[in-house]
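Coordinates from protein.pdb are shown below (PDB, C-alpha atoms and all ligand atoms).
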MODEL        1
ATOM      1  CA  MET A 197     -77.661-181.870-156.887  1.00  0.00           C
ATOM      2  CA  SER A 198     -79.766-178.802-157.536  1.00  0.00           C
ATOM      3  CA  GLU A 199     -78.914-177.150-160.817  1.00  0.00           C
ATOM      4  CA  SER A 200     -76.289-174.455-160.745  1.00  0.00           C
ATOM      5  CA  LYS A 201     -77.256-171.028-161.990  1.00  0.00           C
ATOM      6  CA  ILE A 202     -75.008-169.369-164.556  1.00  0.00           C
ATOM      7  CA  LEU A 203     -75.232-165.659-165.244  1.00  0.00           C
ATOM      8  CA  ILE A 204     -74.169-164.707-168.767  1.00  0.00           C
ATOM      9  CA  VAL A 205     -73.278-161.038-169.187  1.00  0.00           C
ATOM     10  CA  GLU A 206     -72.893-160.577-172.925  1.00  0.00           C
ATOM     11  CA  ASP A 207     -74.070-157.873-175.311  1.00  0.00           C
ATOM     12  CA  GLU A 208     -73.866-160.058-178.407  1.00  0.00           C
ATOM     13  CA  VAL A 209     -77.282-161.654-178.250  1.00  0.00           C
ATOM     14  CA  ARG A 210     -76.465-164.425-180.707  1.00  0.00           C
ATOM     15  CA  ILE A 211     -73.501-165.573-178.633  1.00  0.00           C
ATOM     16  CA  ALA A 212     -75.572-165.423-175.466  1.00  0.00           C
ATOM     17  CA  GLU A 213     -78.301-167.524-177.103  1.00  0.00           C
ATOM     18  CA  ILE A 214     -75.892-170.212-178.210  1.00  0.00           C
ATOM     19  CA  LEU A 215     -74.251-170.353-174.805  1.00  0.00           C
ATOM     20  CA  THR A 216     -77.634-170.473-173.107  1.00  0.00           C
ATOM     21  CA  ASP A 217     -78.669-173.449-175.244  1.00  0.00           C
ATOM     22  CA  TYR A 218     -75.511-175.379-174.539  1.00  0.00           C
ATOM     23  CA  LEU A 219     -75.502-174.627-170.818  1.00  0.00           C
ATOM     24  CA  LYS A 220     -79.159-175.585-170.450  1.00  0.00           C
ATOM     25  CA  GLN A 221     -78.497-178.822-172.279  1.00  0.00           C
ATOM     26  CA  ALA A 222     -75.712-179.483-169.802  1.00  0.00           C
ATOM     27  CA  GLY A 223     -78.227-179.099-166.983  1.00  0.00           C
ATOM     28  CA  PHE A 224     -77.569-175.533-165.878  1.00  0.00           C
ATOM     29  CA  ALA A 225     -80.059-172.791-165.165  1.00  0.00           C
ATOM     30  CA  VAL A 226     -79.130-169.682-167.140  1.00  0.00           C
ATOM     31  CA  GLU A 227     -79.799-165.972-166.834  1.00  0.00           C
ATOM     32  CA  HIS A 228     -78.666-163.386-169.338  1.00  0.00           C
ATOM     33  CA  LYS A 229     -77.895-159.687-169.030  1.00  0.00           C
ATOM     34  CA  GLU A 230     -77.106-157.667-172.136  1.00  0.00           C
ATOM     35  CA  ARG A 231     -75.714-154.598-170.454  1.00  0.00           C
ATOM     36  CA  GLY A 232     -73.320-153.930-167.638  1.00  0.00           C
ATOM     37  CA  GLU A 233     -75.542-151.641-165.601  1.00  0.00           C
ATOM     38  CA  GLY A 234     -77.262-153.250-162.675  1.00  0.00           C
ATOM     39  CA  VAL A 235     -75.288-156.493-162.935  1.00  0.00           C
ATOM     40  CA  VAL A 236     -73.453-155.954-159.648  1.00  0.00           C
ATOM     41  CA  GLU A 237     -76.685-155.153-157.822  1.00  0.00           C
ATOM     42  CA  HIS A 238     -78.315-158.185-159.382  1.00  0.00           C
ATOM     43  CA  VAL A 239     -75.470-160.455-158.282  1.00  0.00           C
ATOM     44  CA  LYS A 240     -75.758-159.064-154.773  1.00  0.00           C
ATOM     45  CA  ALA A 241     -79.501-159.592-154.662  1.00  0.00           C
ATOM     46  CA  CYS A 242     -79.611-163.075-156.186  1.00  0.00           C
ATOM     47  CA  PRO A 243     -76.118-164.509-156.539  1.00  0.00           C
ATOM     48  CA  PRO A 244     -75.565-166.978-159.369  1.00  0.00           C
ATOM     49  CA  ASP A 245     -73.173-169.900-158.971  1.00  0.00           C
ATOM     50  CA  LEU A 246     -70.903-168.594-161.712  1.00  0.00           C
ATOM     51  CA  ILE A 247     -70.628-165.561-163.994  1.00  0.00           C
ATOM     52  CA  LEU A 248     -69.571-165.692-167.644  1.00  0.00           C
ATOM     53  CA  LEU A 249     -68.500-162.110-168.036  1.00  0.00           C
ATOM     54  CA  ASP A 250     -67.822-160.444-171.367  1.00  0.00           C
ATOM     55  CA  LEU A 251     -65.205-157.725-171.169  1.00  0.00           C
ATOM     56  CA  MET A 252     -66.547-155.178-173.640  1.00  0.00           C
ATOM     57  CA  LEU A 253     -70.063-154.241-172.626  1.00  0.00           C
ATOM     58  CA  PRO A 254     -72.253-151.214-173.078  1.00  0.00           C
ATOM     59  CA  GLY A 255     -72.653-149.306-169.851  1.00  0.00           C
ATOM     60  CA  VAL A 256     -70.368-150.698-167.176  1.00  0.00           C
ATOM     61  CA  ASP A 257     -67.628-152.923-168.622  1.00  0.00           C
ATOM     62  CA  GLY A 258     -66.650-156.399-167.471  1.00  0.00           C
ATOM     63  CA  LEU A 259     -63.536-155.135-165.765  1.00  0.00           C
ATOM     64  CA  GLU A 260     -65.479-152.870-163.447  1.00  0.00           C
ATOM     65  CA  ILE A 261     -68.094-155.544-162.761  1.00  0.00           C
ATOM     66  CA  CYS A 262     -65.438-158.101-161.843  1.00  0.00           C
ATOM     67  CA  LYS A 263     -63.758-155.652-159.483  1.00  0.00           C
ATOM     68  CA  GLU A 264     -67.023-154.742-157.796  1.00  0.00           C
ATOM     69  CA  VAL A 265     -68.205-158.330-157.413  1.00  0.00           C
ATOM     70  CA  ARG A 266     -64.877-159.346-155.906  1.00  0.00           C
ATOM     71  CA  LYS A 267     -65.446-156.843-153.115  1.00  0.00           C
ATOM     72  CA  PHE A 268     -68.217-158.964-151.689  1.00  0.00           C
ATOM     73  CA  SER A 269     -68.072-162.373-153.322  1.00  0.00           C
ATOM     74  CA  SER A 270     -65.620-165.078-154.336  1.00  0.00           C
ATOM     75  CA  LEU A 271     -68.035-166.775-156.728  1.00  0.00           C
ATOM     76  CA  PRO A 272     -66.340-168.089-159.876  1.00  0.00           C
ATOM     77  CA  ILE A 273     -66.003-165.521-162.659  1.00  0.00           C
ATOM     78  CA  ILE A 274     -64.929-166.491-166.154  1.00  0.00           C
ATOM     79  CA  MET A 275     -63.861-163.476-168.203  1.00  0.00           C
ATOM     80  CA  VAL A 276     -64.534-163.571-171.922  1.00  0.00           C
ATOM     81  CA  SER A 277     -62.797-161.349-174.432  1.00  0.00           C
ATOM     82  CA  ALA A 278     -62.295-161.135-178.162  1.00  0.00           C
ATOM     83  CA  ARG A 279     -58.618-160.268-177.823  1.00  0.00           C
ATOM     84  CA  VAL A 280     -55.760-162.218-176.321  1.00  0.00           C
ATOM     85  CA  GLU A 281     -53.898-158.969-175.573  1.00  0.00           C
ATOM     86  CA  GLU A 282     -56.815-157.808-173.501  1.00  0.00           C
ATOM     87  CA  LEU A 283     -56.770-161.019-171.519  1.00  0.00           C
ATOM     88  CA  ASP A 284     -53.078-160.497-170.911  1.00  0.00           C
ATOM     89  CA  ARG A 285     -53.757-157.030-169.594  1.00  0.00           C
ATOM     90  CA  LEU A 286     -56.546-158.317-167.369  1.00  0.00           C
ATOM     91  CA  LEU A 287     -54.288-160.924-165.863  1.00  0.00           C
ATOM     92  CA  GLY A 288     -51.782-158.216-165.094  1.00  0.00           C
ATOM     93  CA  LEU A 289     -54.443-156.363-163.153  1.00  0.00           C
ATOM     94  CA  GLU A 290     -55.041-159.366-160.942  1.00  0.00           C
ATOM     95  CA  LEU A 291     -58.778-158.950-160.876  1.00  0.00           C
ATOM     96  CA  GLY A 292     -59.324-162.287-159.293  1.00  0.00           C
ATOM     97  CA  ALA A 293     -61.220-163.849-162.162  1.00  0.00           C
ATOM     98  CA  ASP A 294     -61.070-167.634-162.118  1.00  0.00           C
ATOM     99  CA  ASP A 295     -60.568-168.301-165.784  1.00  0.00           C
ATOM    100  CA  TYR A 296     -60.258-166.500-169.097  1.00  0.00           C
ATOM    101  CA  ILE A 297     -61.738-167.468-172.439  1.00  0.00           C
ATOM    102  CA  CYS A 298     -60.859-165.901-175.762  1.00  0.00           C
ATOM    103  CA  LYS A 299     -63.394-165.385-178.546  1.00  0.00           C
ATOM    104  CA  PRO A 300     -64.141-167.051-180.850  1.00  0.00           C
ATOM    105  CA  PHE A 301     -64.720-170.071-178.650  1.00  0.00           C
ATOM    106  CA  SER A 302     -66.557-173.320-179.063  1.00  0.00           C
ATOM    107  CA  PRO A 303     -69.639-173.457-176.829  1.00  0.00           C
ATOM    108  CA  ARG A 304     -68.606-176.954-175.772  1.00  0.00           C
ATOM    109  CA  GLU A 305     -65.309-175.593-174.519  1.00  0.00           C
ATOM    110  CA  VAL A 306     -67.137-172.932-172.518  1.00  0.00           C
ATOM    111  CA  VAL A 307     -69.406-175.536-170.940  1.00  0.00           C
ATOM    112  CA  ALA A 308     -66.372-177.626-170.060  1.00  0.00           C
ATOM    113  CA  ARG A 309     -64.643-174.636-168.446  1.00  0.00           C
ATOM    114  CA  VAL A 310     -67.792-173.761-166.501  1.00  0.00           C
ATOM    115  CA  LYS A 311     -67.920-177.301-165.181  1.00  0.00           C
ATOM    116  CA  VAL A 312     -64.254-177.178-164.227  1.00  0.00           C
ATOM    117  CA  ALA A 313     -64.696-173.894-162.361  1.00  0.00           C
ATOM    118  CA  LEU A 314     -67.700-175.211-160.456  1.00  0.00           C
ATOM    119  CA  ARG A 315     -65.981-178.485-159.667  1.00  0.00           C
ATOM    120  CA  ARG A 316     -62.972-176.575-158.439  1.00  0.00           C
ATOM    121  CA  LEU A 317     -65.139-174.483-156.173  1.00  0.00           C
ATOM    122  CA  LYS A 318     -66.815-177.552-154.768  1.00  0.00           C
ATOM    123  CA  ALA A 319     -63.496-179.231-154.232  1.00  0.00           C
ATOM    124  CA  GLN A 320     -62.150-176.155-152.492  1.00  0.00           C
ATOM    125  CA  VAL A 321     -65.082-176.109-150.154  1.00  0.00           C
ATOM    126  CA  GLU A 322     -64.958-179.801-149.414  1.00  0.00           C
ATOM    127  CA  ALA A 323     -61.302-180.633-149.497  1.00  0.00           C
ATOM    128  CA  THR A 324     -59.606-180.606-146.191  1.00  0.00           C
ATOM    129  CA  LYS A 325     -56.431-178.605-146.242  1.00  0.00           C
ATOM    130  CA  SER A 326     -54.492-181.452-144.743  1.00  0.00           C
ATOM    131  CA  GLU A 327     -55.188-183.724-147.665  1.00  0.00           C
ATOM    132  CA  GLU A 328     -53.558-181.285-150.017  1.00  0.00           C
ATOM    133  CA  LYS A 329     -50.660-180.837-147.690  1.00  0.00           C
ATOM    134  CA  GLU A 330     -50.068-184.540-147.722  1.00  0.00           C
ATOM    135  CA  LEU A 331     -49.684-184.500-151.479  1.00  0.00           C
ATOM    136  CA  PHE A 332     -47.705-181.276-151.869  1.00  0.00           C
ATOM    137  CA  SER A 333     -45.699-179.687-149.127  1.00  0.00           C
ATOM    138  CA  VAL A 334     -43.468-176.646-149.310  1.00  0.00           C
ATOM    139  CA  ASP A 335     -40.620-176.174-146.867  1.00  0.00           C
ATOM    140  CA  GLU A 336     -39.912-172.456-147.186  1.00  0.00           C
ATOM    141  CA  GLU A 337     -36.797-172.440-145.081  1.00  0.00           C
ATOM    142  CA  ALA A 338     -35.056-175.326-146.742  1.00  0.00           C
ATOM    143  CA  GLU A 339     -36.485-174.271-150.130  1.00  0.00           C
ATOM    144  CA  ARG A 340     -37.729-177.766-150.707  1.00  0.00           C
ATOM    145  CA  ILE A 341     -40.960-179.077-152.145  1.00  0.00           C
ATOM    146  CA  SER A 342     -42.139-182.616-151.539  1.00  0.00           C
ATOM    147  CA  VAL A 343     -44.707-184.535-153.473  1.00  0.00           C
ATOM    148  CA  LYS A 344     -46.233-187.474-151.651  1.00  0.00           C
ATOM    149  CA  GLY A 345     -43.361-187.330-149.218  1.00  0.00           C
ATOM    150  CA  THR A 346     -40.678-187.412-151.897  1.00  0.00           C
ATOM    151  CA  THR A 347     -38.488-184.328-152.048  1.00  0.00           C
ATOM    152  CA  LEU A 348     -38.172-182.965-155.564  1.00  0.00           C
ATOM    153  CA  ASP A 349     -34.680-182.234-156.796  1.00  0.00           C
ATOM    154  CA  LEU A 350     -35.282-178.643-157.925  1.00  0.00           C
ATOM    155  CA  THR A 351     -33.084-175.773-159.008  1.00  0.00           C
ATOM    156  CA  ARG A 352     -33.662-172.503-157.184  1.00  0.00           C
ATOM    157  CA  THR A 353     -35.648-171.040-160.089  1.00  0.00           C
ATOM    158  CA  GLU A 354     -37.760-174.174-160.352  1.00  0.00           C
ATOM    159  CA  PHE A 355     -38.472-173.979-156.647  1.00  0.00           C
ATOM    160  CA  LYS A 356     -39.603-170.355-156.905  1.00  0.00           C
ATOM    161  CA  LEU A 357     -41.777-171.085-159.921  1.00  0.00           C
ATOM    162  CA  LEU A 358     -43.457-174.112-158.407  1.00  0.00           C
ATOM    163  CA  ARG A 359     -43.949-172.394-155.074  1.00  0.00           C
ATOM    164  CA  LEU A 360     -45.686-169.484-156.768  1.00  0.00           C
ATOM    165  CA  LEU A 361     -47.899-171.686-158.930  1.00  0.00           C
ATOM    166  CA  ALA A 362     -48.788-173.990-156.037  1.00  0.00           C
ATOM    167  CA  SER A 363     -49.533-171.125-153.652  1.00  0.00           C
ATOM    168  CA  ARG A 364     -52.896-170.552-155.309  1.00  0.00           C
ATOM    169  CA  PRO A 365     -54.139-173.773-156.906  1.00  0.00           C
ATOM    170  CA  GLY A 366     -56.474-173.117-159.800  1.00  0.00           C
ATOM    171  CA  ARG A 367     -55.278-169.618-160.418  1.00  0.00           C
ATOM    172  CA  VAL A 368     -53.828-168.749-163.809  1.00  0.00           C
ATOM    173  CA  TYR A 369     -50.438-167.085-163.650  1.00  0.00           C
ATOM    174  CA  PRO A 370     -49.610-165.018-166.705  1.00  0.00           C
ATOM    175  CA  ARG A 371     -46.487-165.932-168.569  1.00  0.00           C
ATOM    176  CA  ALA A 372     -45.106-162.403-168.140  1.00  0.00           C
ATOM    177  CA  GLN A 373     -45.225-162.711-164.363  1.00  0.00           C
ATOM    178  CA  LEU A 374     -43.323-166.008-164.486  1.00  0.00           C
ATOM    179  CA  VAL A 375     -40.761-164.529-166.861  1.00  0.00           C
ATOM    180  CA  ASP A 376     -40.222-161.675-164.381  1.00  0.00           C
ATOM    181  CA  LEU A 377     -39.766-164.119-161.552  1.00  0.00           C
ATOM    182  CA  CYS A 378     -37.107-166.031-163.506  1.00  0.00           C
ATOM    183  CA  ALA A 379     -35.324-162.863-164.525  1.00  0.00           C
ATOM    184  CA  GLN A 380     -35.188-161.748-160.894  1.00  0.00           C
ATOM    185  CA  GLN A 381     -33.975-165.126-159.821  1.00  0.00           C
ATOM    186  CA  GLU A 382     -31.298-165.533-162.423  1.00  0.00           C
ATOM    187  CA  GLY A 383     -30.260-161.906-162.604  1.00  0.00           C
ATOM    188  CA  GLU A 384     -30.541-161.805-166.357  1.00  0.00           C
ATOM    189  CA  PRO A 385     -33.355-161.212-168.830  1.00  0.00           C
ATOM    190  CA  ALA A 386     -35.586-164.212-169.312  1.00  0.00           C
ATOM    191  CA  PHE A 387     -37.697-165.170-172.302  1.00  0.00           C
ATOM    192  CA  ASP A 388     -40.880-167.061-172.849  1.00  0.00           C
ATOM    193  CA  ARG A 389     -39.055-170.149-173.976  1.00  0.00           C
ATOM    194  CA  VAL A 390     -36.988-170.128-170.789  1.00  0.00           C
ATOM    195  CA  ILE A 391     -40.203-170.424-168.812  1.00  0.00           C
ATOM    196  CA  ASP A 392     -41.425-173.198-171.052  1.00  0.00           C
ATOM    197  CA  SER A 393     -38.255-175.166-170.472  1.00  0.00           C
ATOM    198  CA  HIS A 394     -38.407-174.655-166.688  1.00  0.00           C
ATOM    199  CA  ILE A 395     -42.011-175.814-166.728  1.00  0.00           C
ATOM    200  CA  LYS A 396     -41.069-178.802-168.829  1.00  0.00           C
ATOM    201  CA  ASN A 397     -38.404-179.781-166.326  1.00  0.00           C
ATOM    202  CA  LEU A 398     -40.749-179.291-163.394  1.00  0.00           C
ATOM    203  CA  ARG A 399     -43.354-181.476-165.038  1.00  0.00           C
ATOM    204  CA  LYS A 400     -40.766-184.169-165.619  1.00  0.00           C
ATOM    205  CA  LYS A 401     -39.628-184.079-162.006  1.00  0.00           C
ATOM    206  CA  ILE A 402     -43.175-184.160-160.657  1.00  0.00           C
ATOM    207  CA  ALA A 403     -44.085-186.961-163.060  1.00  0.00           C
ATOM    208  CA  ARG A 404     -41.370-189.130-161.539  1.00  0.00           C
ATOM    209  CA  VAL A 405     -43.479-189.164-158.396  1.00  0.00           C
ATOM    210  CA  LEU A 406     -47.021-188.717-159.643  1.00  0.00           C
ATOM    211  CA  GLY A 407     -46.799-190.497-162.982  1.00  0.00           C
ATOM    212  CA  ASP A 408     -49.358-189.292-165.516  1.00  0.00           C
ATOM    213  CA  GLN A 409     -51.214-187.037-163.114  1.00  0.00           C
ATOM    214  CA  GLU A 410     -50.660-183.574-164.523  1.00  0.00           C
ATOM    215  CA  VAL A 411     -50.523-180.735-162.002  1.00  0.00           C
ATOM    216  CA  ILE A 412     -49.086-177.853-164.047  1.00  0.00           C
ATOM    217  CA  HIS A 413     -51.590-176.987-166.743  1.00  0.00           C
ATOM    218  CA  SER A 414     -50.979-174.753-169.757  1.00  0.00           C
ATOM    219  CA  VAL A 415     -53.592-172.094-170.379  1.00  0.00           C
ATOM    220  CA  TYR A 416     -53.381-171.382-174.068  1.00  0.00           C
ATOM    221  CA  GLY A 417     -52.208-167.882-174.913  1.00  0.00           C
ATOM    222  CA  VAL A 418     -52.087-166.877-171.264  1.00  0.00           C
ATOM    223  CA  GLY A 419     -49.843-168.809-168.909  1.00  0.00           C
ATOM    224  CA  TYR A 420     -49.874-171.663-166.442  1.00  0.00           C
ATOM    225  CA  ARG A 421     -52.101-172.960-163.694  1.00  0.00           C
ATOM    226  CA  PHE A 422     -51.327-175.403-160.901  1.00  0.00           C
ATOM    227  CA  GLU A 423     -54.087-177.793-160.019  1.00  0.00           C
ATOM    228  CA  ILE A 424     -54.261-181.207-158.520  1.00  0.00           C
ATOM    229  CA  ALA A 425     -57.092-183.014-160.285  1.00  0.00           C
TER     230      ALA A 425
HETATM  231 CA    CA B   1     -69.018-157.505-175.967  1.00  0.00          CA
ENDMDL
END

Show me the file's structure as structure tokens.
Ligand code: CA
Amino acid sequence: MSESKILIVEDEVRIAEILTDYLKQAGFAVEHKERGEGVVEHVKACPPDLILLDLMLPGVDGLEICKEVRKFSSLPIIMVSARVEELDRLLGLELGADDYICKPFSPREVVARVKVALRRLKAQVEATKSEEKELFSVDEEAERISVKGTTLDLTRTEFKLLRLLASRPGRVYPRAQLVDLCAQQEGEPAFDRVIDSHIKNLRKKIARVLGDQEVIHSVYGVGYRFEIA
């Protein structure tokens, strides 16, 4: 496989250097931009395979870059920020980033997430839709979800949650959005721990069919992501 090209957009040179070293060691080609200006044009002219995009940048910020890139490309974007609250806000804006990483991070973790995002992209391209359907199928009318042909015994809220998560595999859904969904569903205010317990139950029910294969993944400090490995 030809090496994938990662574009790092990061104004903290030291961080960019460390990431560059680790990514190169992992077999990636790396480019680095220190400022936001010109990044969108650069991506248009010579698209990388993935962008590691810092949020706070001199010139044009990461938010604007992500929005602009999404207008013409679906290449994986991993947003990086020093503040969890900022990541929360970003998720609320539904920018279409593929993953979010909070500083400080371990470079190894970043490399792992880059690999995951690229693998996911490859899988998306290659996987036939029907294969996925065979594993997970949603019957909207009957409000039923089957895994490998076995219908899950779900409550209405669980159905809504799983349907939402499974509608966009790989996408991170912020906790706040899931809390809203539950509140709507149950007609009373919901709390974070309510979501956690629904997720726990869903995992248990799915595990009865799939065993150890985890499909609902926690994204620390952010929310949940559905993905069939
Ligand atoms: Ca920065």

How close does each residue of chain A get to ligand CA 1 (chain B), giving the shortest atom pair and distance in Å to one decimal for every residue with an atom at most 12 Å away, counting only C-alpha atoms and all ligand atoms, sorted by chain and residue number, as a tab-separated table?
residue	atom	partner	partner_atom	distance
A:Ile204	CA	B:CA1	CA	11.4
A:Val205	CA	B:CA1	CA	8.8
A:Glu206	CA	B:CA1	CA	5.8
A:Asp207	CA	B:CA1	CA	5.1
A:Glu208	CA	B:CA1	CA	6.0
A:Val209	CA	B:CA1	CA	9.5
A:Arg210	CA	B:CA1	CA	11.2
A:Ile211	CA	B:CA1	CA	9.6
A:Ala212	CA	B:CA1	CA	10.3
A:Lys229	CA	B:CA1	CA	11.5
A:Glu230	CA	B:CA1	CA	9.0
A:Arg231	CA	B:CA1	CA	9.1
A:Gly232	CA	B:CA1	CA	10.0
A:Leu248	CA	B:CA1	CA	11.7
A:Leu249	CA	B:CA1	CA	9.2
A:Asp250	CA	B:CA1	CA	5.6
A:Leu251	CA	B:CA1	CA	6.1
A:Met252	CA	B:CA1	CA	4.1
A:Leu253	CA	B:CA1	CA	4.8
A:Pro254	CA	B:CA1	CA	7.6
A:Gly255	CA	B:CA1	CA	10.9
A:Val256	CA	B:CA1	CA	11.2
A:Asp257	CA	B:CA1	CA	8.8
A:Gly258	CA	B:CA1	CA	8.9
A:Leu259	CA	B:CA1	CA	11.8
A:Met275	CA	B:CA1	CA	11.1
A:Val276	CA	B:CA1	CA	8.6
A:Ser277	CA	B:CA1	CA	7.5
A:Ala278	CA	B:CA1	CA	7.9
A:Arg279	CA	B:CA1	CA	10.9
A:Cys298	CA	B:CA1	CA	11.7
A:Lys299	CA	B:CA1	CA	10.0
A:Pro300	CA	B:CA1	CA	11.8

Evaluate the PyMOL selection byres (((chain A and resi 394) around 12) and not hetatm) here and jot the selected residues down as a ChimeraX atom specification.
/A:350-358,374-375,377-378,386-393,395-401,412,420

I need the residue nearest Arg309 (chain A) from this list: A:Leu360, A:Ala241, A:Leu289, A:Val415. Use only C-alpha atoms for the distance.
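Once distances to Arg309 (chain A) are computed over only C-alpha atoms, the minimum belongs to A:Val415.
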
Under the PyMOL selection byres (((chain A and resi 245) around 7) and not hetatm), which residues of this model are included? Write them out as a list in words.
Ser200, Lys201, Ile202, Pro243, Pro244, Leu246 and Leu271 of chain A

Go ahead and compute the interatomic distance for CA of Pro272 (chain A) and CA of Asp408 (chain A), in Å to one decimal.
27.7 Å

Could you check how far CA of Gly366 (chain A) sits from CA of Ile341 (chain A), in Å to one decimal?
18.3 Å

Expanded to explicit residues, what is the PyMOL selection byres (((chain A and resi 236) around 7) and not hetatm) for this file, as a VMD selection string?
chain A and resid 234 to 235 237 to 240 261 264 to 265

Those selected residues, please, written with C-alpha atoms and delivered as a short mmCIF file (atom, residue, chain, number, x, y, z; two decimals), keeping the file's coordinate frame.
data_model
loop_
_atom_site.label_atom_id
_atom_site.label_comp_id
_atom_site.auth_asym_id
_atom_site.auth_seq_id
_atom_site.Cartn_x
_atom_site.Cartn_y
_atom_site.Cartn_z
CA GLY A 234 -77.26 -153.25 -162.68
CA VAL A 235 -75.29 -156.49 -162.94
CA GLU A 237 -76.68 -155.15 -157.82
CA HIS A 238 -78.32 -158.18 -159.38
CA VAL A 239 -75.47 -160.46 -158.28
CA LYS A 240 -75.76 -159.06 -154.77
CA ILE A 261 -68.09 -155.54 -162.76
CA GLU A 264 -67.02 -154.74 -157.80
CA VAL A 265 -68.20 -158.33 -157.41
#
